[in-house]
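Participant: Contents of work_35.cif (mmCIF, C-alpha atoms) are below:
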```cif
data_protein
loop_
_atom_site.label_atom_id
_atom_site.label_comp_id
_atom_site.auth_asym_id
_atom_site.auth_seq_id
_atom_site.Cartn_x
_atom_site.Cartn_y
_atom_site.Cartn_z
CA MET A 1 -21.53 -0.63 11.17
CA PRO A 2 -19.70 -2.06 14.23
CA ALA A 3 -16.66 -0.11 15.37
CA GLY A 4 -14.28 -2.88 14.34
CA GLN A 5 -15.59 -2.82 10.79
CA VAL A 6 -15.23 0.97 10.65
CA TRP A 7 -11.55 0.74 11.58
CA ALA A 8 -11.06 -2.11 9.10
CA GLN A 9 -12.60 -0.04 6.29
CA TRP A 10 -10.37 2.90 7.20
CA ALA A 11 -7.25 0.72 7.26
CA LEU A 12 -8.11 -0.83 3.90
CA GLY A 13 -8.77 2.61 2.46
CA LEU A 14 -5.39 3.88 3.63
CA LEU A 15 -3.64 0.88 2.15
CA GLU A 16 -5.33 1.35 -1.21
CA LEU A 17 -4.53 5.08 -1.08
CA ALA A 18 -0.86 4.34 -0.45
CA ARG A 19 -0.85 1.97 -3.42
CA GLY A 20 -2.49 4.51 -5.71
CA ARG A 21 -5.70 2.52 -6.13
CA TYR A 22 -7.97 5.49 -5.65
CA GLU A 23 -11.37 4.13 -6.63
CA GLN A 24 -11.05 1.23 -4.21
CA ALA A 25 -9.75 3.59 -1.54
CA ALA A 26 -12.71 5.93 -2.03
CA ASP A 27 -15.20 3.11 -1.42
CA HIS A 28 -13.56 2.05 1.84
CA LEU A 29 -12.95 5.57 3.12
CA ALA A 30 -16.46 6.79 2.33
CA ARG A 31 -17.84 3.97 4.46
CA ALA A 32 -15.42 4.70 7.29
CA ALA A 33 -15.99 8.46 7.24
CA ARG A 34 -19.74 8.05 7.76
CA GLN A 35 -19.07 6.93 11.32
CA GLN A 36 -15.50 8.08 11.97
CA PRO A 37 -14.97 11.75 11.04
CA ALA A 38 -11.21 11.43 11.46
CA ALA A 39 -11.15 9.34 8.27
CA THR A 40 -12.57 12.25 6.27
CA PRO A 41 -9.22 13.94 5.38
CA ASP A 42 -8.12 10.71 3.70
CA LEU A 43 -11.38 10.68 1.76
CA VAL A 44 -10.79 14.29 0.69
CA GLU A 45 -7.35 13.37 -0.65
CA VAL A 46 -8.75 10.44 -2.63
CA LEU A 47 -11.58 12.51 -4.10
CA VAL A 48 -9.15 15.26 -5.15
CA ARG A 49 -7.00 12.64 -6.87
CA LEU A 50 -10.10 11.26 -8.60
CA GLN A 51 -10.92 14.80 -9.76
CA GLU A 52 -14.24 14.93 -7.91
CA PRO A 53 -14.00 18.45 -6.46
CA GLU A 54 -17.66 18.78 -5.41
CA ARG A 55 -17.58 15.61 -3.31
CA ALA A 56 -14.18 16.59 -1.95
CA ARG A 57 -15.43 20.06 -0.96
CA ALA A 58 -18.51 18.59 0.73
CA ALA A 59 -16.33 16.18 2.72
CA HIS A 60 -14.00 19.06 3.67
CA ASP A 61 -16.93 21.15 4.90
CA ARG A 62 -18.20 18.29 7.08
CA PHE A 63 -14.75 17.82 8.55
CA ALA A 64 -14.38 21.57 9.18
CA LEU A 65 -17.56 21.54 11.27
CA TRP A 66 -16.39 18.49 13.20
CA THR A 67 -12.95 20.04 13.78
CA THR A 68 -14.50 23.17 15.25
CA ALA A 69 -16.66 21.12 17.60
CA ALA A 70 -13.91 18.66 18.57
CA GLY A 71 -11.26 21.29 19.33
CA GLN A 72 -8.40 18.87 18.69
CA PRO A 73 -5.08 20.47 17.60
CA TRP A 74 -4.15 17.51 15.37
CA ALA A 75 -7.39 17.94 13.43
CA GLN A 76 -6.40 21.51 12.54
CA GLY A 77 -3.38 20.19 10.70
CA LEU A 78 -5.49 17.73 8.71
CA LEU A 79 -8.00 20.46 7.89
CA ALA A 80 -5.17 22.68 6.63
CA ARG A 81 -3.97 19.81 4.42
CA CYS A 82 -7.47 19.37 3.00
CA ARG A 83 -7.70 23.07 2.17
CA ALA A 84 -4.27 23.02 0.53
CA LEU A 85 -5.34 20.08 -1.63
CA LEU A 86 -8.59 21.73 -2.67
CA GLU A 87 -7.05 25.12 -3.35
CA GLY A 88 -3.68 24.02 -4.72
CA ASP A 89 -2.08 26.22 -2.08
CA GLU A 90 1.63 25.52 -1.56
CA GLN A 91 1.79 27.64 1.58
CA GLY A 92 -1.18 25.70 2.91
CA PHE A 93 0.90 22.52 2.87
CA ALA A 94 3.65 24.26 4.83
CA THR A 95 1.10 25.48 7.37
CA ALA A 96 -0.28 21.96 7.70
CA ILE A 97 3.21 20.54 8.30
CA ASP A 98 3.81 23.08 11.08
CA LEU A 99 0.51 22.10 12.71
CA HIS A 100 1.31 18.38 12.42
CA GLN A 101 4.66 18.92 14.07
CA ALA A 102 3.15 21.02 16.87
CA ALA A 103 0.68 18.21 17.55
CA ASP A 104 3.46 15.57 17.40
CA ARG A 105 1.97 13.77 14.39
CA PRO A 106 5.00 12.61 12.35
CA PHE A 107 3.00 10.31 10.05
CA ASP A 108 0.65 13.13 9.10
CA ALA A 109 3.61 15.47 8.55
CA ALA A 110 5.27 12.91 6.27
CA ARG A 111 2.10 12.43 4.25
CA THR A 112 1.72 16.17 3.78
CA ARG A 113 5.37 16.42 2.73
CA LEU A 114 4.70 13.68 0.19
CA LEU A 115 1.79 15.66 -1.24
CA LEU A 116 3.90 18.82 -1.36
CA GLY A 117 6.76 16.93 -3.00
CA GLU A 118 4.41 15.58 -5.66
CA ARG A 119 3.20 19.10 -6.39
CA LEU A 120 6.73 20.50 -6.61
CA ARG A 121 7.79 17.69 -8.94
CA ARG A 122 4.84 18.34 -11.25
CA GLU A 123 5.94 21.97 -11.38
CA ARG A 124 9.45 20.76 -12.31
CA ARG A 125 10.94 22.16 -9.13
CA LYS A 126 12.90 18.97 -8.71
CA GLN A 127 15.48 20.04 -6.15
CA GLU A 128 12.83 21.42 -3.81
CA ALA A 129 10.76 18.28 -4.34
CA ARG A 130 13.69 16.04 -3.45
CA THR A 131 14.20 17.82 -0.13
CA VAL A 132 10.66 17.29 1.16
CA LEU A 133 10.37 13.81 -0.37
CA ARG A 134 13.55 12.67 1.37
CA GLU A 135 12.15 13.95 4.67
CA ALA A 136 8.90 12.09 4.02
CA ALA A 137 10.71 8.86 3.09
CA ASP A 138 12.89 9.05 6.18
CA THR A 139 9.84 9.35 8.45
CA PHE A 140 7.94 6.57 6.70
CA GLU A 141 10.95 4.30 7.07
CA ARG A 142 11.37 5.15 10.75
CA LEU A 143 7.69 4.43 11.37
CA GLY A 144 7.73 1.22 9.36
CA ALA A 145 5.08 2.55 6.95
CA LEU A 146 6.38 0.55 4.00
CA PRO A 147 3.63 1.20 1.40
CA TRP A 148 4.03 4.93 2.01
CA LEU A 149 7.82 4.62 1.92
CA GLU A 150 7.61 2.96 -1.48
CA ARG A 151 5.39 5.75 -2.71
CA ALA A 152 7.83 8.43 -1.50
CA LEU A 153 10.76 6.61 -3.10
CA SER A 154 8.84 6.31 -6.35
CA GLU A 155 8.33 10.07 -6.34
CA LEU A 156 12.02 10.58 -5.62
CA ARG A 157 12.90 8.44 -8.63
CA ALA A 158 10.53 10.53 -10.73
CA THR A 159 12.59 13.61 -9.83
CA GLY A 160 15.60 11.90 -11.41
CA GLU A 161 17.21 10.83 -8.15
CA SER A 162 18.99 7.49 -8.38
CA LEU A 163 18.36 5.29 -5.35
CA ALA A 164 20.44 2.29 -6.34
CA ARG A 165 24.16 2.79 -6.90
CA SER A 166 27.51 1.54 -5.75
CA ALA A 167 29.22 2.93 -2.68
CA ASP A 168 32.67 4.12 -3.66
CA VAL A 169 35.76 3.45 -1.61
CA ALA A 170 36.01 7.09 -0.54
CA SER A 171 32.50 6.98 0.91
CA LEU A 172 33.21 3.80 2.82
CA SER A 173 36.47 5.19 4.14
CA ARG A 174 34.55 7.95 5.91
CA LEU A 175 32.78 5.40 8.10
CA THR A 176 34.14 4.35 11.46
CA PRO A 177 34.79 0.60 11.83
CA GLN A 178 31.61 0.13 13.84
CA GLU A 179 29.54 2.24 11.44
CA LEU A 180 30.79 0.02 8.61
CA GLN A 181 29.77 -3.12 10.53
CA VAL A 182 26.32 -1.71 11.19
CA VAL A 183 25.85 -0.51 7.61
CA ARG A 184 26.85 -3.89 6.14
CA LEU A 185 24.26 -5.66 8.28
CA ALA A 186 21.57 -3.04 7.66
CA ALA A 187 22.09 -3.39 3.90
CA THR A 188 21.14 -7.08 4.18
CA GLY A 189 17.76 -6.12 5.63
CA ALA A 190 18.57 -6.82 9.28
CA SER A 191 16.57 -4.76 11.77
CA ASN A 192 18.19 -2.53 14.38
CA LYS A 193 17.31 -5.13 17.02
CA GLU A 194 18.90 -7.94 15.02
CA ILE A 195 22.03 -5.88 14.36
CA ALA A 196 22.26 -4.99 18.04
CA ALA A 197 22.13 -8.67 19.02
CA GLN A 198 24.91 -9.58 16.59
CA LEU A 199 27.22 -6.72 17.58
CA PHE A 200 26.39 -6.66 21.31
CA LEU A 201 25.06 -3.12 21.10
CA SER A 202 21.77 -1.52 22.06
CA PRO A 203 19.21 -0.88 19.28
CA ARG A 204 19.48 2.81 20.12
CA THR A 205 23.24 2.74 19.49
CA VAL A 206 22.66 0.97 16.17
CA GLY A 207 20.21 3.70 15.19
CA HIS A 208 22.78 6.36 16.12
CA HIS A 209 25.44 4.72 13.96
CA LEU A 210 23.06 4.59 10.98
CA TYR A 211 22.12 8.23 11.56
CA LYS A 212 25.81 9.17 11.37
CA ALA A 213 26.57 6.87 8.43
CA TYR A 214 23.76 7.87 6.08
CA PRO A 215 25.11 11.35 5.18
CA LYS A 216 28.58 9.90 4.63
CA LEU A 217 27.15 7.44 2.09
CA GLY A 218 24.77 9.93 0.51
CA VAL A 219 21.61 8.01 1.39
CA THR A 220 18.62 8.92 3.51
CA THR A 221 16.78 5.65 4.09
CA ARG A 222 17.44 1.98 4.76
CA THR A 223 15.85 1.14 1.42
CA GLU A 224 18.42 3.27 -0.39
CA LEU A 225 21.16 1.68 1.70
CA ALA A 226 20.06 -1.77 0.52
CA GLY A 227 20.69 -0.58 -3.04
CA LEU A 228 24.34 0.04 -2.33
CA ILE A 229 26.96 -2.54 -3.17
CA LEU A 230 29.17 -2.52 -0.10
CA SER A 231 32.55 -4.11 -0.70
#
```
Can the structure in the file be given as structure tokens, please?

Facilitator:
Amino acid sequence: MPAGQVWAQWALGLLELARGRYEQAADHLARAARQQPAATPDLVEVLVRLQEPERARAAHDRFALWTTAAGQPWAQGLLARCRALLEGDEQGFATAIDLHQAADRPFDAARTRLLLGERLRRERRKQEARTVLREAADTFERLGALPWLERALSELRATGESLARSADVASLSRLTPQELQVVRLAATGASNKEIAAQLFLSPRTVGHHLYKAYPKLGVTTRTELAGLILS
């Protein structure tokens, strides 16, 4: 398979995985993993979700051999995630997150947090689940990974967290005038760059204002912000 087709299969597999369409994802990822070992951790996740432990274990073992030969720090984090999935090991997810962060892989860290959050929710440890799911959602939003953001927000809703509510006057009063301007525009769906152009600010300054405003409004992502009714 030409390299371009391998990457296309991997991308399609990731998209289907994010959407929860596991059988379709497995087909794409199995094809990609034959020629691109780095796609194997995604295949392991899909196979675990499809309850095919033997295939998942075989894929893990192939990736473990490749990781040893490649000597890439980022691969160690993915291998730790695979093991945590196969063994149902909560500490394994935490170890994987540490390795992702050490290798500067925020997307991988967010995906592992999502998996951990799902596990915690299933165990009815809702408050703990919310913490890691919020962190995952925040990273997905920052990276523009919208299908993954929707998945994280769906899990947050399943914990009982309400993501669409009205902003009360007290919350709004805690914002500075410029934070309020930025928040109003962000709630309409405007990007940081678009807001910056309208308010004659830099995109970085817009991001800083949102970072300061979110805790005051009790939200963690732009998607949640859009659910607020700002008067």

Participant: May I have the residues within 9 Å of stretch 193-207 of chain A as a PDB file with C-alpha atoms, in the frame of the given file, using all atoms listed in the file and disregarding those fewer than 6 positions away in the same chain?

Facilitator:
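The new file selection01.pdb reads:
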```
ATOM      1  CA  GLN A 178      31.610   0.130  13.840  1.00  0.00           C
ATOM      2  CA  GLU A 179      29.540   2.240  11.440  1.00  0.00           C
ATOM      3  CA  GLN A 181      29.770  -3.120  10.530  1.00  0.00           C
ATOM      4  CA  VAL A 182      26.320  -1.710  11.190  1.00  0.00           C
ATOM      5  CA  LEU A 185      24.260  -5.660   8.280  1.00  0.00           C
ATOM      6  CA  ALA A 186      21.570  -3.040   7.660  1.00  0.00           C
TER       7      ALA A 186
END
```

Participant: Would you write out, as a tab-separated table (two decimals) with C-alpha atoms, in the coordinates of the input, every residue that the PyMOL selection byres ((chain A and resi 65-79) around 7) captures in this file?

Facilitator:
```tsv
chain	number	residue	atom	x	y	z
A	41	PRO	CA	-9.22	13.94	5.38
A	61	ASP	CA	-16.93	21.15	4.90
A	62	ARG	CA	-18.20	18.29	7.08
A	63	PHE	CA	-14.75	17.82	8.55
A	64	ALA	CA	-14.38	21.57	9.18
A	80	ALA	CA	-5.17	22.68	6.63
A	81	ARG	CA	-3.97	19.81	4.42
A	82	CYS	CA	-7.47	19.37	3.00
A	83	ARG	CA	-7.70	23.07	2.17
A	96	ALA	CA	-0.28	21.96	7.70
A	99	LEU	CA	0.51	22.10	12.71
A	100	HIS	CA	1.31	18.38	12.42
A	103	ALA	CA	0.68	18.21	17.55
```

Participant: Using all atoms listed in the file, collect all residues at a distance of at most 9 Å from (26.5, 8.4, 2.9) as written in the file, then present them as a ChimeraX atom specification.

Facilitator: /A:167,171-172,174-175,212-220,225

Participant: So, counting all atoms listed in the file, which residue among A:Thr112, A:Thr223, A:Gln9, A:Asn192 is closest to A:Leu153?

Facilitator: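 Ranked by minimum distance to A:Leu153, first place goes to A:Thr223.
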
Participant: For this structure, which residues satisfy the selection - the PyMOL selection byres ((chain A and resi 28-34) around 6) - when it is evaluated on the file as given? I want them as a compact mmCIF listing (two decimals) with C-alpha atoms, in the coordinates of the input.

Facilitator:
```txt
# COMPACT_ATOMS: atom_id res chain seq x y z
CA VAL A 6 -15.23 0.97 10.65
CA GLN A 9 -12.60 -0.04 6.29
CA TRP A 10 -10.37 2.90 7.20
CA GLY A 13 -8.77 2.61 2.46
CA ALA A 25 -9.75 3.59 -1.54
CA ALA A 26 -12.71 5.93 -2.03
CA ASP A 27 -15.20 3.11 -1.42
CA GLN A 35 -19.07 6.93 11.32
CA GLN A 36 -15.50 8.08 11.97
CA PRO A 37 -14.97 11.75 11.04
CA ALA A 39 -11.15 9.34 8.27
CA THR A 40 -12.57 12.25 6.27
CA LEU A 43 -11.38 10.68 1.76
```

Participant: May I have the centre and edge lengths, in Å to one decimal, of an axis-aligned box around the listed atoms of stretch 113-120 of chain A with 6 Å added to every side, as lines of an AutoDock Vina configuration file?

Facilitator:
```
center_x = 4.3
center_y = 17.1
center_z = -1.9
size_x = 17.0
size_y = 18.8
size_z = 21.3
```

Participant: Using Å and a single decimal, report how far atom CA of A:Gly189 sits from atom CA of A:Tyr211.

Facilitator: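 Taking atom CA of A:Tyr211 as the start and atom CA of A:Gly189 as the end point, the length is 16.1 Å.
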
Participant: Mind giving me the straight-line distance from atom CA of A:Arg121 to atom CA of A:Ile97 in Å, one decimal?

Facilitator: 18.1 Å

Participant: Expressed in Å to a single decimal, how great is the separation between atom CA of A:Arg49 and atom CA of A:Arg105?

Facilitator: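 Computed distance, atom CA of A:Arg49 to atom CA of A:Arg105, equals 23.1 Å.
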
Participant: Could you check which residues have any atom within 8 Å of (4.1, 12.3, -5.3), counting only C-alpha atoms with coordinates taken straight from the file, and then list them as an MDAnalysis selection string?

Facilitator: chainID A and resid 114:119 121 151:152 154:155

Participant: Missing atoms in stretch 94-105 of chain A need filling: write out all heavy atoms for it as a PDB file, keeping the file's coordinate frame.

Facilitator:
```
ATOM      1  N   ALA A  94       2.653  23.898   3.816  1.00  0.00           N
ATOM      2  CA  ALA A  94       3.650  24.260   4.830  1.00  0.00           C
ATOM      3  C   ALA A  94       2.983  24.535   6.173  1.00  0.00           C
ATOM      4  O   ALA A  94       3.488  24.127   7.229  1.00  0.00           O
ATOM      5  CB  ALA A  94       4.439  25.478   4.363  1.00  0.00           C
ATOM      6  N   THR A  95       1.843  25.217   6.133  1.00  0.00           N
ATOM      7  CA  THR A  95       1.100  25.480   7.370  1.00  0.00           C
ATOM      8  C   THR A  95       0.653  24.177   8.007  1.00  0.00           C
ATOM      9  O   THR A  95       0.755  23.989   9.238  1.00  0.00           O
ATOM     10  CB  THR A  95      -0.128  26.350   7.067  1.00  0.00           C
ATOM     11  OG1 THR A  95       0.306  27.611   6.551  1.00  0.00           O
ATOM     12  CG2 THR A  95      -0.972  26.574   8.317  1.00  0.00           C
ATOM     13  N   ALA A  96       0.161  23.253   7.187  1.00  0.00           N
ATOM     14  CA  ALA A  96      -0.280  21.960   7.700  1.00  0.00           C
ATOM     15  C   ALA A  96       0.870  21.211   8.362  1.00  0.00           C
ATOM     16  O   ALA A  96       0.713  20.619   9.440  1.00  0.00           O
ATOM     17  CB  ALA A  96      -0.884  21.121   6.576  1.00  0.00           C
ATOM     18  N   ILE A  97       2.046  21.231   7.732  1.00  0.00           N
ATOM     19  CA  ILE A  97       3.210  20.540   8.300  1.00  0.00           C
ATOM     20  C   ILE A  97       3.562  21.118   9.663  1.00  0.00           C
ATOM     21  O   ILE A  97       3.847  20.384  10.623  1.00  0.00           O
ATOM     22  CB  ILE A  97       4.410  20.630   7.336  1.00  0.00           C
ATOM     23  CG1 ILE A  97       4.135  19.780   6.085  1.00  0.00           C
ATOM     24  CG2 ILE A  97       5.697  20.164   8.018  1.00  0.00           C
ATOM     25  CD1 ILE A  97       5.111  20.020   4.953  1.00  0.00           C
ATOM     26  N   ASP A  98       3.536  22.442   9.783  1.00  0.00           N
ATOM     27  CA  ASP A  98       3.810  23.080  11.080  1.00  0.00           C
ATOM     28  C   ASP A  98       2.813  22.620  12.135  1.00  0.00           C
ATOM     29  O   ASP A  98       3.190  22.345  13.287  1.00  0.00           O
ATOM     30  CB  ASP A  98       3.753  24.602  10.931  1.00  0.00           C
ATOM     31  CG  ASP A  98       4.932  25.167  10.151  1.00  0.00           C
ATOM     32  OD1 ASP A  98       5.951  24.468  10.022  1.00  0.00           O
ATOM     33  OD2 ASP A  98       4.819  26.313   9.673  1.00  0.00           O
ATOM     34  N   LEU A  99       1.542  22.535  11.767  1.00  0.00           N
ATOM     35  CA  LEU A  99       0.510  22.100  12.710  1.00  0.00           C
ATOM     36  C   LEU A  99       0.685  20.626  13.086  1.00  0.00           C
ATOM     37  O   LEU A  99       0.499  20.247  14.251  1.00  0.00           O
ATOM     38  CB  LEU A  99      -0.875  22.334  12.118  1.00  0.00           C
ATOM     39  CG  LEU A  99      -1.299  23.797  11.983  1.00  0.00           C
ATOM     40  CD1 LEU A  99      -2.553  23.919  11.115  1.00  0.00           C
ATOM     41  CD2 LEU A  99      -1.558  24.410  13.365  1.00  0.00           C
ATOM     42  N   HIS A 100       1.042  19.793  12.117  1.00  0.00           N
ATOM     43  CA  HIS A 100       1.310  18.380  12.420  1.00  0.00           C
ATOM     44  C   HIS A 100       2.444  18.252  13.427  1.00  0.00           C
ATOM     45  O   HIS A 100       2.361  17.468  14.378  1.00  0.00           O
ATOM     46  CB  HIS A 100       1.714  17.617  11.147  1.00  0.00           C
ATOM     47  CG  HIS A 100       0.670  17.559  10.081  1.00  0.00           C
ATOM     48  ND1 HIS A 100      -0.667  17.389  10.347  1.00  0.00           N
ATOM     49  CD2 HIS A 100       0.781  17.614   8.727  1.00  0.00           C
ATOM     50  CE1 HIS A 100      -1.330  17.363   9.199  1.00  0.00           C
ATOM     51  NE2 HIS A 100      -0.480  17.506   8.218  1.00  0.00           N
ATOM     52  N   GLN A 101       3.505  19.019  13.190  1.00  0.00           N
ATOM     53  CA  GLN A 101       4.660  18.920  14.070  1.00  0.00           C
ATOM     54  C   GLN A 101       4.326  19.427  15.471  1.00  0.00           C
ATOM     55  O   GLN A 101       4.763  18.837  16.472  1.00  0.00           O
ATOM     56  CB  GLN A 101       5.829  19.696  13.470  1.00  0.00           C
ATOM     57  CG  GLN A 101       6.376  19.049  12.204  1.00  0.00           C
ATOM     58  CD  GLN A 101       7.474  19.855  11.551  1.00  0.00           C
ATOM     59  OE1 GLN A 101       7.471  21.092  11.588  1.00  0.00           O
ATOM     60  NE2 GLN A 101       8.421  19.185  10.919  1.00  0.00           N
ATOM     61  N   ALA A 102       3.544  20.492  15.555  1.00  0.00           N
ATOM     62  CA  ALA A 102       3.150  21.020  16.870  1.00  0.00           C
ATOM     63  C   ALA A 102       2.310  20.019  17.636  1.00  0.00           C
ATOM     64  O   ALA A 102       2.363  19.962  18.877  1.00  0.00           O
ATOM     65  CB  ALA A 102       2.376  22.329  16.684  1.00  0.00           C
ATOM     66  N   ALA A 103       1.536  19.213  16.904  1.00  0.00           N
ATOM     67  CA  ALA A 103       0.680  18.210  17.550  1.00  0.00           C
ATOM     68  C   ALA A 103       1.388  16.864  17.688  1.00  0.00           C
ATOM     69  O   ALA A 103       0.777  15.892  18.140  1.00  0.00           O
ATOM     70  CB  ALA A 103      -0.604  18.031  16.739  1.00  0.00           C
ATOM     71  N   ASP A 104       2.672  16.801  17.325  1.00  0.00           N
ATOM     72  CA  ASP A 104       3.460  15.570  17.400  1.00  0.00           C
ATOM     73  C   ASP A 104       2.818  14.454  16.585  1.00  0.00           C
ATOM     74  O   ASP A 104       2.553  13.355  17.082  1.00  0.00           O
ATOM     75  CB  ASP A 104       3.646  15.127  18.864  1.00  0.00           C
ATOM     76  CG  ASP A 104       4.716  14.037  19.003  1.00  0.00           C
ATOM     77  OD1 ASP A 104       5.563  13.931  18.094  1.00  0.00           O
ATOM     78  OD2 ASP A 104       4.684  13.291  20.007  1.00  0.00           O
ATOM     79  N   ARG A 105       2.585  14.736  15.311  1.00  0.00           N
ATOM     80  CA  ARG A 105       1.970  13.770  14.390  1.00  0.00           C
ATOM     81  C   ARG A 105       2.923  13.536  13.208  1.00  0.00           C
ATOM     82  O   ARG A 105       2.716  14.070  12.109  1.00  0.00           O
ATOM     83  CB  ARG A 105       0.619  14.281  13.900  1.00  0.00           C
ATOM     84  CG  ARG A 105      -0.350  14.655  14.991  1.00  0.00           C
ATOM     85  CD  ARG A 105      -1.138  13.476  15.495  1.00  0.00           C
ATOM     86  NE  ARG A 105      -2.121  13.044  14.521  1.00  0.00           N
ATOM     87  CZ  ARG A 105      -3.173  12.289  14.837  1.00  0.00           C
ATOM     88  NH1 ARG A 105      -3.362  11.895  16.091  1.00  0.00           N
ATOM     89  NH2 ARG A 105      -4.038  11.910  13.906  1.00  0.00           N
TER      90      ARG A 105
END
```
